Each structure stands twice: as structure tokens, then as C-alpha cells.
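J.: So here's final18.pdb, just PDB, C-alpha atoms:
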ATOM      1  CA  MET A 609     132.743 343.497  63.840
ATOM      2  CA  LYS A 610     133.292 346.099  66.495
ATOM      3  CA  GLN A 611     131.020 344.165  68.847
ATOM      4  CA  SER A 612     133.136 341.036  68.712
ATOM      5  CA  SER A 613     136.396 342.746  69.583
ATOM      6  CA  PHE A 614     135.102 345.253  72.112
ATOM      7  CA  ARG A 615     137.474 346.102  74.922
ATOM      8  CA  LEU A 616     137.256 348.797  77.568
ATOM      9  CA  PHE A 617     140.878 349.804  77.041
ATOM     10  CA  PRO A 618     141.926 348.966  73.495
ATOM     11  CA  MET A 619     145.110 351.018  73.909
ATOM     12  CA  PRO A 620     146.088 351.002  77.585
ATOM     13  CA  PHE A 621     149.357 352.877  77.099
ATOM     14  CA  HIS A 622     147.710 355.656  75.120
ATOM     15  CA  SER A 623     144.900 355.896  77.669
ATOM     16  CA  MET A 624     147.477 356.459  80.403
ATOM     17  CA  LEU A 625     149.240 359.044  78.278
ATOM     18  CA  LEU A 626     146.015 360.912  77.530
ATOM     19  CA  PHE A 627     145.077 360.911  81.208
ATOM     20  CA  VAL A 628     148.453 362.292  82.317
ATOM     21  CA  ILE A 629     148.714 364.874  79.533
ATOM     22  CA  TRP A 630     145.211 366.178  80.194
ATOM     23  CA  LEU A 631     146.035 366.740  83.856
ATOM     24  CA  LEU A 632     149.381 368.338  83.006
ATOM     25  CA  LEU A 633     147.783 370.656  80.454
ATOM     26  CA  ASN A 634     145.279 371.844  83.025
ATOM     27  CA  ASN A 635     147.882 371.966  85.779
ATOM     28  CA  SER A 636     145.375 370.673  88.298
ATOM     29  CA  LEU A 637     144.444 367.588  90.254
ATOM     30  CA  SER A 638     140.866 368.530  91.100
ATOM     31  CA  ALA A 639     138.159 365.845  91.057
ATOM     32  CA  GLY A 640     136.452 367.392  88.044
ATOM     33  CA  HIS A 641     139.564 367.251  85.891
ATOM     34  CA  ILE A 642     140.358 363.707  86.985
ATOM     35  CA  LEU A 643     136.838 362.659  85.984
ATOM     36  CA  LEU A 644     137.102 364.455  82.639
ATOM     37  CA  ALA A 645     140.561 362.960  81.995
ATOM     38  CA  SER A 646     139.258 359.460  82.722
ATOM     39  CA  ILE A 647     136.315 359.918  80.351
ATOM     40  CA  LEU A 648     138.595 361.208  77.585
ATOM     41  CA  ALA A 649     141.123 358.439  78.209
ATOM     42  CA  ILE A 650     138.394 355.831  77.754
ATOM     43  CA  ILE A 651     136.409 357.354  74.885
ATOM     44  CA  ILE A 652     139.145 358.606  72.532
ATOM     45  CA  PRO A 653     140.880 355.191  72.185
ATOM     46  CA  TRP A 654     137.525 353.634  71.212
ATOM     47  CA  GLY A 655     137.364 355.970  68.273
ATOM     48  CA  VAL A 656     140.929 355.738  67.060
ATOM     49  CA  SER A 657     142.051 352.192  67.882
ATOM     50  CA  SER A 658     140.907 350.906  64.484
ATOM     51  CA  MET A 659     143.125 353.471  62.728
ATOM     52  CA  THR A 660     146.409 352.471  64.321
ATOM     53  CA  THR A 661     149.097 350.595  62.465
ATOM     54  CA  GLU A 662     151.540 348.067  63.810
ATOM     55  CA  ARG A 663     153.988 349.785  66.117
ATOM     56  CA  PRO A 664     157.545 348.490  66.121
ATOM     57  CA  ARG A 665     159.151 348.044  69.524
ATOM     58  CA  ILE A 666     161.952 350.348  70.579
ATOM     59  CA  LYS A 667     164.893 348.005  70.896
ATOM     60  CA  LYS A 668     167.477 350.438  72.227
ATOM     61  CA  PRO A 669     165.958 353.040  74.571
ATOM     62  CA  MET A 670     169.315 354.617  75.449
ATOM     63  CA  LEU A 671     170.070 355.240  71.806
ATOM     64  CA  ALA A 672     166.583 356.720  71.407
ATOM     65  CA  ILE A 673     167.290 359.231  74.158
ATOM     66  CA  SER A 674     170.636 360.215  72.679
ATOM     67  CA  TYR A 675     168.888 360.541  69.284
ATOM     68  CA  VAL A 676     166.411 363.002  70.818
ATOM     69  CA  PHE A 677     169.291 365.129  72.098
ATOM     70  CA  LEU A 678     171.081 364.941  68.749
ATOM     71  CA  VAL A 679     167.927 366.191  67.027
ATOM     72  CA  LEU A 680     167.376 368.967  69.576
ATOM     73  CA  ARG A 681     170.952 370.168  69.094
ATOM     74  CA  ASP A 682     170.544 370.060  65.327
ATOM     75  CA  VAL A 683     167.242 371.937  65.500
ATOM     76  CA  ILE A 684     168.983 374.792  67.288
ATOM     77  CA  SER A 685     171.971 374.831  64.927
ATOM     78  CA  ALA A 686     169.521 374.545  62.000
ATOM     79  CA  ASN A 687     167.823 377.690  63.170
ATOM     80  CA  PHE A 688     171.057 379.631  63.240
ATOM     81  CA  SER A 689     172.117 378.519  59.782
ATOM     82  CA  VAL A 690     168.673 379.113  58.273
ATOM     83  CA  ALA A 691     168.460 382.508  59.972
ATOM     84  CA  LEU A 692     171.784 383.523  58.399
ATOM     85  CA  LEU A 693     170.679 382.271  54.971
ATOM     86  CA  VAL A 694     167.345 384.069  55.179
ATOM     87  CA  VAL A 695     168.772 387.408  56.229
ATOM     88  CA  GLY A 696     171.801 387.197  53.930
ATOM     89  CA  PRO A 697     171.841 387.843  50.185
ATOM     90  CA  LEU A 698     169.178 385.739  48.438
ATOM     91  CA  LYS A 699     171.049 385.649  45.124
ATOM     92  CA  LYS A 700     173.594 383.285  46.622
ATOM     93  CA  LEU A 701     171.014 380.674  47.607
ATOM     94  CA  SER A 702     170.795 377.671  45.338
ATOM     95  CA  PRO A 703     167.785 375.561  46.361
ATOM     96  CA  GLY A 704     167.275 372.063  45.044
ATOM     97  CA  PHE A 705     165.406 368.789  45.202
ATOM     98  CA  VAL A 706     167.063 365.531  46.257
ATOM     99  CA  ALA A 707     165.755 361.979  46.361
ATOM    100  CA  VAL A 708     167.060 360.069  49.358
ATOM    101  CA  PRO A 709     166.941 356.276  49.071
ATOM    102  CA  LEU A 710     165.393 354.767  52.200
ATOM    103  CA  ASP A 711     166.616 351.609  53.903
ATOM    104  CA  ILE A 712     164.331 351.905  56.878
ATOM    105  CA  GLU A 713     161.095 349.998  56.401
ATOM    106  CA  THR A 714     158.665 350.601  59.239
ATOM    107  CA  GLU A 715     156.103 353.371  58.874
ATOM    108  CA  LEU A 716     156.935 354.904  62.235
ATOM    109  CA  GLY A 717     160.630 354.957  61.310
ATOM    110  CA  ILE A 718     159.938 356.721  58.024
ATOM    111  CA  THR A 719     157.656 359.217  59.744
ATOM    112  CA  LEU A 720     160.319 359.994  62.334
ATOM    113  CA  LEU A 721     163.007 360.316  59.675
ATOM    114  CA  ALA A 722     160.861 362.645  57.550
ATOM    115  CA  SER A 723     160.006 364.783  60.570
ATOM    116  CA  THR A 724     163.640 364.967  61.601
ATOM    117  CA  VAL A 725     164.643 366.011  58.102
ATOM    118  CA  SER A 726     162.011 368.746  58.167
ATOM    119  CA  LEU A 727     163.216 370.099  61.489
ATOM    120  CA  THR A 728     166.943 370.081  60.771
ATOM    121  CA  PRO A 729     169.389 372.181  58.714
ATOM    122  CA  GLY A 730     167.852 373.684  55.606
ATOM    123  CA  THR A 731     165.830 370.678  54.479
ATOM    124  CA  VAL A 732     162.101 369.924  54.259
ATOM    125  CA  SER A 733     160.785 366.508  53.299
ATOM    126  CA  ALA A 734     158.295 367.028  50.496
ATOM    127  CA  GLU A 735     157.035 363.647  49.354
ATOM    128  CA  ILE A 736     157.598 359.934  49.652
ATOM    129  CA  SER A 737     157.389 357.420  46.832
ATOM    130  CA  GLU A 738     154.493 355.001  46.967
ATOM    131  CA  ASP A 739     156.714 351.974  47.529
ATOM    132  CA  GLN A 740     158.290 353.825  50.488
ATOM    133  CA  LYS A 741     161.784 353.551  49.057
ATOM    134  CA  TRP A 742     162.479 357.199  48.240
ATOM    135  CA  LEU A 743     162.118 360.336  50.269
ATOM    136  CA  TYR A 744     161.985 363.556  48.268
ATOM    137  CA  VAL A 745     163.671 366.397  50.091
ATOM    138  CA  HIS A 746     163.830 370.087  49.267
ATOM    139  CA  ALA A 747     166.943 371.874  50.437
ATOM    140  CA  LEU A 748     167.157 375.631  50.912
ATOM    141  CA  HIS A 749     170.809 375.759  49.980
ATOM    142  CA  LEU A 750     172.077 372.728  48.096
ATOM    143  CA  GLU A 751     175.784 372.583  47.391
ATOM    144  CA  ASN A 752     176.391 368.907  46.833
ATOM    145  CA  PRO A 753     173.436 366.496  46.491
ATOM    146  CA  GLU A 754     175.488 363.361  47.286
ATOM    147  CA  GLU A 755     176.814 364.940  50.440
ATOM    148  CA  LEU A 756     173.317 365.773  51.657
ATOM    149  CA  ILE A 757     172.034 362.262  50.956
ATOM    150  CA  GLU A 758     175.020 360.804  52.766
ATOM    151  CA  GLU A 759     174.455 363.083  55.746
ATOM    152  CA  VAL A 760     170.775 362.211  56.057
ATOM    153  CA  LYS A 761     171.553 358.508  55.806
ATOM    154  CA  SER A 762     174.438 358.345  58.228
ATOM    155  CA  ARG A 763     173.368 360.981  60.734
ATOM    156  CA  TYR A 764     169.658 360.253  61.084
ATOM    157  CA  GLU A 765     168.655 357.059  59.325
ATOM    158  CA  ALA A 766     171.374 354.819  60.750
ATOM    159  CA  PRO A 767     170.517 355.513  64.433
ATOM    160  CA  LEU A 768     166.782 355.209  63.715
ATOM    161  CA  LYS A 769     167.336 351.834  62.106
ATOM    162  CA  GLU A 770     169.314 350.716  65.107
ATOM    163  CA  ILE A 771     166.680 351.983  67.556
ATOM    164  CA  PHE A 772     163.950 349.919  65.923
ATOM    165  CA  GLY A 773     166.284 347.056  65.117
ATOM    166  CA  CYS A 774     165.413 346.687  61.457
TER     167      CYS A 774
ATOM    168  CA  MET B 870     160.190 389.559  91.411
ATOM    169  CA  ASN B 871     163.686 388.169  91.625
ATOM    170  CA  PHE B 872     166.092 390.020  89.350
ATOM    171  CA  TYR B 873     167.886 386.936  88.062
ATOM    172  CA  VAL B 874     164.696 385.086  87.161
ATOM    173  CA  GLU B 875     163.507 388.139  85.316
ATOM    174  CA  ALA B 876     166.840 388.529  83.514
ATOM    175  CA  ILE B 877     166.942 384.917  82.385
ATOM    176  CA  ALA B 878     163.321 384.964  81.241
ATOM    177  CA  SER B 879     163.877 388.220  79.338
ATOM    178  CA  ALA B 880     166.963 386.831  77.628
ATOM    179  CA  ILE B 881     165.023 383.780  76.457
ATOM    180  CA  LEU B 882     162.116 385.981  75.350
ATOM    181  CA  VAL B 883     164.447 388.117  73.238
ATOM    182  CA  PHE B 884     166.078 384.995  71.818
ATOM    183  CA  GLY B 885     162.672 383.590  70.846
ATOM    184  CA  GLY B 886     161.504 386.917  69.506
ATOM    185  CA  VAL B 887     164.547 387.255  67.247
ATOM    186  CA  PHE B 888     163.830 383.868  65.688
ATOM    187  CA  LEU B 889     160.141 384.673  65.217
ATOM    188  CA  LEU B 890     161.204 387.874  63.460
ATOM    189  CA  VAL B 891     163.666 386.003  61.247
ATOM    190  CA  GLY B 892     160.953 383.471  60.382
ATOM    191  CA  SER B 893     158.607 386.244  59.344
ATOM    192  CA  ILE B 894     161.315 388.009  57.325
ATOM    193  CA  GLY B 895     162.016 384.731  55.562
ATOM    194  CA  LEU B 896     158.340 384.254  54.773
ATOM    195  CA  ALA B 897     158.244 387.685  53.173
ATOM    196  CA  ARG B 898     161.603 387.629  51.400
ATOM    197  CA  LEU B 899     162.177 384.179  49.970
ATOM    198  CA  PRO B 900     161.271 383.795  46.297
ATOM    199  CA  ASP B 901     159.262 380.561  45.897
ATOM    200  CA  VAL B 902     156.874 378.439  47.926
ATOM    201  CA  TYR B 903     159.340 375.620  48.598
ATOM    202  CA  MET B 904     161.935 377.993  49.991
ATOM    203  CA  ARG B 905     159.382 379.962  51.953
ATOM    204  CA  LEU B 906     158.468 376.737  53.743
ATOM    205  CA  HIS B 907     161.858 376.603  55.414
ATOM    206  CA  ALA B 908     161.556 379.807  57.378
ATOM    207  CA  PRO B 909     158.353 379.114  59.339
ATOM    208  CA  THR B 910     159.025 375.426  60.030
ATOM    209  CA  LYS B 911     162.366 376.044  61.637
ATOM    210  CA  ALA B 912     162.716 379.592  62.849
ATOM    211  CA  THR B 913     159.187 379.792  64.182
ATOM    212  CA  THR B 914     159.359 376.492  66.034
ATOM    213  CA  LEU B 915     162.397 377.644  67.999
ATOM    214  CA  GLY B 916     160.961 381.149  68.410
ATOM    215  CA  ILE B 917     157.714 379.923  69.936
ATOM    216  CA  ALA B 918     159.637 377.415  72.041
ATOM    217  CA  GLY B 919     161.686 380.300  73.439
ATOM    218  CA  VAL B 920     158.618 382.405  74.273
ATOM    219  CA  LEU B 921     156.870 379.438  75.902
ATOM    220  CA  ILE B 922     159.918 378.452  77.954
ATOM    221  CA  ALA B 923     160.217 382.020  79.242
ATOM    222  CA  SER B 924     156.541 381.887  80.188
ATOM    223  CA  CYS B 925     157.152 378.554  81.882
ATOM    224  CA  ILE B 926     159.980 380.024  83.991
ATOM    225  CA  ILE B 927     157.974 383.053  85.100
ATOM    226  CA  GLN B 928     154.836 381.060  85.848
ATOM    227  CA  SER B 929     156.786 378.460  87.793
ATOM    228  CA  TYR B 930     158.440 381.200  89.831
ATOM    229  CA  ARG B 931     155.181 383.004  90.588
ATOM    230  CA  GLN B 932     153.161 379.937  91.494
ATOM    231  CA  GLU B 933     156.093 378.292  93.238
ATOM    232  CA  SER B 934     155.293 375.045  91.453
ATOM    233  CA  LEU B 935     156.498 373.736  88.131
ATOM    234  CA  SER B 936     154.301 374.762  85.226
ATOM    235  CA  ILE B 937     154.430 371.987  82.650
ATOM    236  CA  SER B 938     151.771 373.013  80.155
ATOM    237  CA  GLU B 939     154.119 375.313  78.215
ATOM    238  CA  LEU B 940     156.578 372.470  77.719
ATOM    239  CA  LEU B 941     153.725 370.310  76.438
ATOM    240  CA  ILE B 942     152.691 372.978  73.940
ATOM    241  CA  THR B 943     156.298 373.156  72.731
ATOM    242  CA  LEU B 944     156.337 369.387  72.320
ATOM    243  CA  PHE B 945     153.087 369.377  70.320
ATOM    244  CA  LEU B 946     154.467 372.134  68.131
ATOM    245  CA  ILE B 947     157.644 370.172  67.411
ATOM    246  CA  ILE B 948     155.550 367.139  66.471
ATOM    247  CA  THR B 949     153.109 369.007  64.226
ATOM    248  CA  ALA B 950     155.342 371.556  62.463
ATOM    249  CA  PRO B 951     157.044 369.040  60.134
ATOM    250  CA  ILE B 952     153.693 367.497  59.216
ATOM    251  CA  ALA B 953     152.255 370.863  58.265
ATOM    252  CA  ALA B 954     155.370 371.646  56.208
ATOM    253  CA  ASN B 955     155.131 368.268  54.512
ATOM    254  CA  MET B 956     151.485 368.808  53.575
ATOM    255  CA  ILE B 957     152.188 372.269  52.143
ATOM    256  CA  ALA B 958     155.089 370.881  50.095
ATOM    257  CA  LYS B 959     152.865 368.039  48.847
ATOM    258  CA  ALA B 960     150.116 370.479  47.901
ATOM    259  CA  ALA B 961     152.617 372.658  46.037
ATOM    260  CA  LEU B 962     153.988 369.642  44.154
ATOM    261  CA  HIS B 963     150.532 368.462  43.140
ATOM    262  CA  HIS B 964     149.497 371.885  41.926
ATOM    263  CA  GLU B 965     152.696 371.914  39.846
ATOM    264  CA  ILE B 966     153.860 375.198  41.259
ATOM    265  CA  ASP B 967     157.200 375.892  39.619
ATOM    266  CA  PRO B 968     160.208 376.591  41.808
ATOM    267  CA  ILE B 969     162.566 379.410  40.819
ATOM    268  CA  GLU B 970     164.777 378.662  37.844
ATOM    269  CA  ARG B 971     168.085 377.996  39.554
ATOM    270  CA  THR B 972     166.598 375.165  41.616
ATOM    271  CA  LYS B 973     168.658 372.009  41.203
ATOM    272  CA  GLY B 974     167.168 368.592  40.594
ATOM    273  CA  GLN B 975     163.980 369.861  38.951
ATOM    274  CA  GLU B 976     163.651 366.564  37.075
ATOM    275  CA  LEU B 977     162.650 365.027  40.392
ATOM    276  CA  ILE B 978     159.474 367.090  40.672
ATOM    277  CA  ALA B 979     157.550 364.988  38.132
ATOM    278  CA  THR B 980     158.382 361.689  39.825
ATOM    279  CA  ALA B 981     157.775 363.164  43.263
ATOM    280  CA  LYS B 982     154.319 364.200  42.130
ATOM    281  CA  GLU B 983     153.557 360.707  40.820
ATOM    282  CA  ARG B 984     155.125 359.201  43.932
ATOM    283  CA  THR B 985     157.294 356.849  41.871
ATOM    284  CA  SER B 986     161.022 356.221  41.973
ATOM    285  CA  PRO B 987     163.262 359.010  40.662
ATOM    286  CA  PRO B 988     164.733 358.842  37.146
ATOM    287  CA  ALA B 989     167.820 356.688  36.770
ATOM    288  CA  PRO B 990     171.230 358.380  36.212
ATOM    289  CA  GLU B 991     172.783 359.645  39.485
ATOM    290  CA  THR B 992     170.245 357.932  41.736
ATOM    291  CA  GLU B 993     171.294 354.460  40.658
ATOM    292  CA  ALA B 994     174.740 355.125  42.095
ATOM    293  CA  GLY B 995     173.187 356.480  45.279
ATOM    294  CA  LYS B 996     171.242 353.264  45.699
ATOM    295  CA  GLU B 997     174.329 351.119  45.814
ATOM    296  CA  THR B 998     176.534 353.130  48.158
ATOM    297  CA  PRO B 999     174.600 352.609  51.430
TER     298      PRO B 999
END
Before we go any further, please render this structure as C-alpha cells.
T.:
Amino acid sequence: MKQSSFRLFPMPFHSMLLFVIWLLLNNSLSAGHILLASILAIIIPWGVSSMTTERPRIKKPMLAISYVFLVLRDVISANFSVALLVVGPLKKLSPGFVAVPLDIETELGITLLASTVSLTPGTVSAEISEDQKWLYVHALHLENPEELIEEVKSRYEAPLKEIFGC
Amino acid sequence: MNFYVEAIASAILVFGGVFLLVGSIGLARLPDVYMRLHAPTKATTLGIAGVLIASCIIQSYRQESLSISELLITLFLIITAPIAANMIAKAALHHEIDPIERTKGQELIATAKERTSPPAPETEAGKETP
């Protein structure tokens, strides 16, 4: 079956990305590295193209960029709040599990949401239900479960849904 | 070497170092596996990012050309850290490692392990609000 659908560049965008990243990682433009980057950019997509899933299109690139900055800002503020919690008295911490209902449907969207949740204030995504409707989240310091669910939904899920237009 | 470049790089190094230290303290101090996860995923990501950005500044200054590889490493780290945390949390759930007693919402652990929907009471209300 591979024979019938053989293409030199099954994933042209990813090939480009691999090529550029390899050269950036090595910080060089010598002939040897360009050759090596080209070989990698051709061979790796052959191996992985059958594993990819449908990728939704980004409908609103500007919103995606502002989302990246929102997450970066939250990562930094998350670090300060977690640092204070970790160094402060442990007796006061009340950890907890929460199940967040998911509206977002695409796999990439859920992956991004789960990663964002893991990187931001005091929460780590632990598990997802098989029907992809619930995200289980562990919070380091849980005061009000409803509030946390609401925050995840409005702050992160809503923009992601808009970005992918679903 | 230029004093200001050195000062800025040192400040970022110290900043990163403090967060690495806090991450390690958290790893040692926090009581159960789920809580311990929080310290390395967050504090360490920012800590390493700080160290790498300082390295990027100094390298760029010395070579008089922008050194991108450190930024790429930071990016890879930000992509992979949540996945690692997620896998550890999954593993802990499936081995039925108990969280400390005052953990809220412990009834969710069983359904999280089975990967089914959570039990009814409060979650039903949560489903309708969005």
C-alpha cells in the first residue's frame, strides 16, 4: 500500500521545517550540514507521514499569536505563584482533582489545551476520558473547583476554539 | 566583555537559577506524587529557559551573530514538559497511587483511571453552564 501512494515529499511543510531547524540548531550554513539537513528532511517524513492525523487549519492567525503571548505571560506568573506555594507552609495547600468538560473537538485543540493547562498556574492535566469530553486536571492548590473550571474554559478553551473555528 | 551585556546575562542567570532551585525544593518537599509533578514542570521550565537565554545573549555577543539554538532548545522544552508531566500523572493514576488525604475530588480518580465520564452530581451542572 505504501508503493501506491509513494511521494518524495509527503509532508512538504514539515520537510521545510526540519531543514530550517536542523540548520538553526547547528548554527551553520556549510555544504555538509545542508546536505545532511536535506537528507533528514526527505527521510524522516517518509517514516512518520502514516502516523499523522488530520490537522485543522488555523483560521485566525492573529488570535493565535496573541494566544501564544497570553500563555507565555501566564507561564511566568504561574512560576511565581507556584514558587510561593512550594516554599511557603505546606499545611495550607489543599490539592484536588477536577474534571473539566471539553467543548473543543479536534485532537490538536485538545492537545494544545492540555499542554497549556499543564504549563499554567498550579494545574497539571492528568488524563482525558476516552470519548474526549472530559479533561482530568490536578490542581496544586484548589480553592473553588467551579472557579477553576470556569477559568480554564473561558481563558484558554474559548480562544483555542476560535483559532481553529470549531 | 561589555559590562552591560554581562550584567544583563548575569541577572537572567540568577533569575533562572532561583527557579531551578525552587523546582528542586518543591520536588523534595511536596508530599505526594501528583503535587510533586507541579514543581518540575513549571519552575524548571522557566529556570532552564532563563539559563539558556543568558547563554544565548553571551554567545550572540561573542560571535557577533545571533545564536538561535538556545531559543530552539527552550521551545522544545516548552513543548515536551507538559507531555512528560501528563505521562507521569497517567502512570500514577494507573498504579493507583493514593494522593494525600486532604486532596479534594478523590472520587474522580477511579473514573480518570478508566477514562470514562466523571460521576454525576456537581459535574452535571458544570456541563450545562458553558
J.: When you count all atoms listed in the file, which of these residues is closest to B:Gly916: B:Phe945, B:Phe884, B:Tyr903, B:Tyr873?
T.: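 The closest residue to B:Gly916 is B:Phe884.
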J.: With 9 Å as the limit and counting only C-alpha atoms, what residues in chain A lie close to chain B? Please list them as a ChimeraX atom specification.
T.: /A:629,632-635,683-684,686-688,690-692,694-695,698,701-711,722-739,741-744,746-748,750,753-754,757-758,761-762
J.: Could you check the closest approach to A:Lys769 for each of A:Leu756, A:Ala639, A:Leu680, A:Leu671 and tell me which residue wins, using only C-alpha atoms?
T.: A:Leu671
J.: Would you work out the distance separating atom CA of A:Lys699 from atom CA of A:Glu751, expressed in Å to one decimal?
T.: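 So the two atoms, atom CA of A:Lys699 and atom CA of A:Glu751, lie 14.1 Å apart.
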J.: For each of B:His963, B:Val902, B:Leu944, B:Gln932, take the minimum atom-to-atom distance to B:Ile917, counting all atoms listed in the file, then give the residue where this is smallest.
T.: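 So, comparing all the options, the nearest one is B:Leu944.
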J.: Using only C-alpha atoms and a cutoff of 12 Å, can you tell me which residues are near (139.4, 362.8, 85.3) in the file's coordinates, and write them out as a VMD selection string?
T.: chain A and resid 623 to 624 626 to 632 634 636 to 650
J.: If we count only C-alpha atoms, what is near B:Ile922 at a cut-off of 9 Å, once residues fewer than 4 positions away on the same chain are taken out, given as a ChimeraX atom specification?
T.: /B:878,881-882,917-918,926-927,939-940,943
J.: So, with all atoms listed in the file as the atoms that count, which of A:Ile718, A:Ile771, A:Met619, A:Val760 lies closest to A:Ser674?
T.: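 Going through A:Ile718, A:Ile771, A:Met619, A:Val760 one by one, the smallest distance to A:Ser674 is for A:Ile771.
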J.: Would you mind putting back N, CA and C atoms on stretch 913-930 of chain B, then writing it out as a PDB file, keeping the file's coordinate frame?
T.:
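Everything below was put into rebuild-v7.pdb:
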ATOM      1  N   THR B 913     160.336 379.538  63.325  1.00  0.00           N
ATOM      2  CA  THR B 913     159.187 379.792  64.182  1.00  0.00           C
ATOM      3  C   THR B 913     159.060 378.755  65.288  1.00  0.00           C
ATOM      4  N   THR B 914     159.421 377.508  64.980  1.00  0.00           N
ATOM      5  CA  THR B 914     159.359 376.492  66.034  1.00  0.00           C
ATOM      6  C   THR B 914     160.236 376.899  67.209  1.00  0.00           C
ATOM      7  N   LEU B 915     161.479 377.272  66.917  1.00  0.00           N
ATOM      8  CA  LEU B 915     162.397 377.644  67.999  1.00  0.00           C
ATOM      9  C   LEU B 915     161.946 378.942  68.659  1.00  0.00           C
ATOM     10  N   GLY B 916     161.419 379.873  67.860  1.00  0.00           N
ATOM     11  CA  GLY B 916     160.961 381.149  68.410  1.00  0.00           C
ATOM     12  C   GLY B 916     159.857 380.939  69.425  1.00  0.00           C
ATOM     13  N   ILE B 917     158.840 380.156  69.023  1.00  0.00           N
ATOM     14  CA  ILE B 917     157.714 379.923  69.936  1.00  0.00           C
ATOM     15  C   ILE B 917     158.196 379.136  71.143  1.00  0.00           C
ATOM     16  N   ALA B 918     159.103 378.180  70.915  1.00  0.00           N
ATOM     17  CA  ALA B 918     159.637 377.415  72.041  1.00  0.00           C
ATOM     18  C   ALA B 918     160.282 378.363  73.042  1.00  0.00           C
ATOM     19  N   GLY B 919     161.038 379.338  72.559  1.00  0.00           N
ATOM     20  CA  GLY B 919     161.686 380.300  73.439  1.00  0.00           C
ATOM     21  C   GLY B 919     160.670 381.088  74.260  1.00  0.00           C
ATOM     22  N   VAL B 920     159.646 381.609  73.579  1.00  0.00           N
ATOM     23  CA  VAL B 920     158.618 382.405  74.273  1.00  0.00           C
ATOM     24  C   VAL B 920     157.924 381.555  75.332  1.00  0.00           C
ATOM     25  N   LEU B 921     157.589 380.298  74.964  1.00  0.00           N
ATOM     26  CA  LEU B 921     156.870 379.438  75.902  1.00  0.00           C
ATOM     27  C   LEU B 921     157.746 379.044  77.087  1.00  0.00           C
ATOM     28  N   ILE B 922     159.043 378.823  76.834  1.00  0.00           N
ATOM     29  CA  ILE B 922     159.918 378.452  77.954  1.00  0.00           C
ATOM     30  C   ILE B 922     160.063 379.631  78.913  1.00  0.00           C
ATOM     31  N   ALA B 923     160.161 380.842  78.368  1.00  0.00           N
ATOM     32  CA  ALA B 923     160.217 382.020  79.242  1.00  0.00           C
ATOM     33  C   ALA B 923     158.952 382.099  80.085  1.00  0.00           C
ATOM     34  N   SER B 924     157.806 381.875  79.449  1.00  0.00           N
ATOM     35  CA  SER B 924     156.541 381.887  80.188  1.00  0.00           C
ATOM     36  C   SER B 924     156.526 380.818  81.261  1.00  0.00           C
ATOM     37  N   CYS B 925     157.084 379.652  80.926  1.00  0.00           N
ATOM     38  CA  CYS B 925     157.152 378.554  81.882  1.00  0.00           C
ATOM     39  C   CYS B 925     157.968 378.960  83.107  1.00  0.00           C
ATOM     40  N   ILE B 926     159.117 379.619  82.871  1.00  0.00           N
ATOM     41  CA  ILE B 926     159.980 380.024  83.991  1.00  0.00           C
ATOM     42  C   ILE B 926     159.252 381.008  84.895  1.00  0.00           C
ATOM     43  N   ILE B 927     158.625 382.022  84.287  1.00  0.00           N
ATOM     44  CA  ILE B 927     157.974 383.053  85.100  1.00  0.00           C
ATOM     45  C   ILE B 927     156.790 382.475  85.864  1.00  0.00           C
ATOM     46  N   GLN B 928     155.991 381.664  85.175  1.00  0.00           N
ATOM     47  CA  GLN B 928     154.836 381.060  85.848  1.00  0.00           C
ATOM     48  C   GLN B 928     155.271 380.163  87.000  1.00  0.00           C
ATOM     49  N   SER B 929     156.318 379.364  86.749  1.00  0.00           N
ATOM     50  CA  SER B 929     156.786 378.460  87.793  1.00  0.00           C
ATOM     51  C   SER B 929     157.259 379.250  89.007  1.00  0.00           C
ATOM     52  N   TYR B 930     157.916 380.392  88.733  1.00  0.00           N
ATOM     53  CA  TYR B 930     158.440 381.200  89.831  1.00  0.00           C
ATOM     54  C   TYR B 930     157.303 381.830  90.625  1.00  0.00           C
TER      55      TYR B 930
END
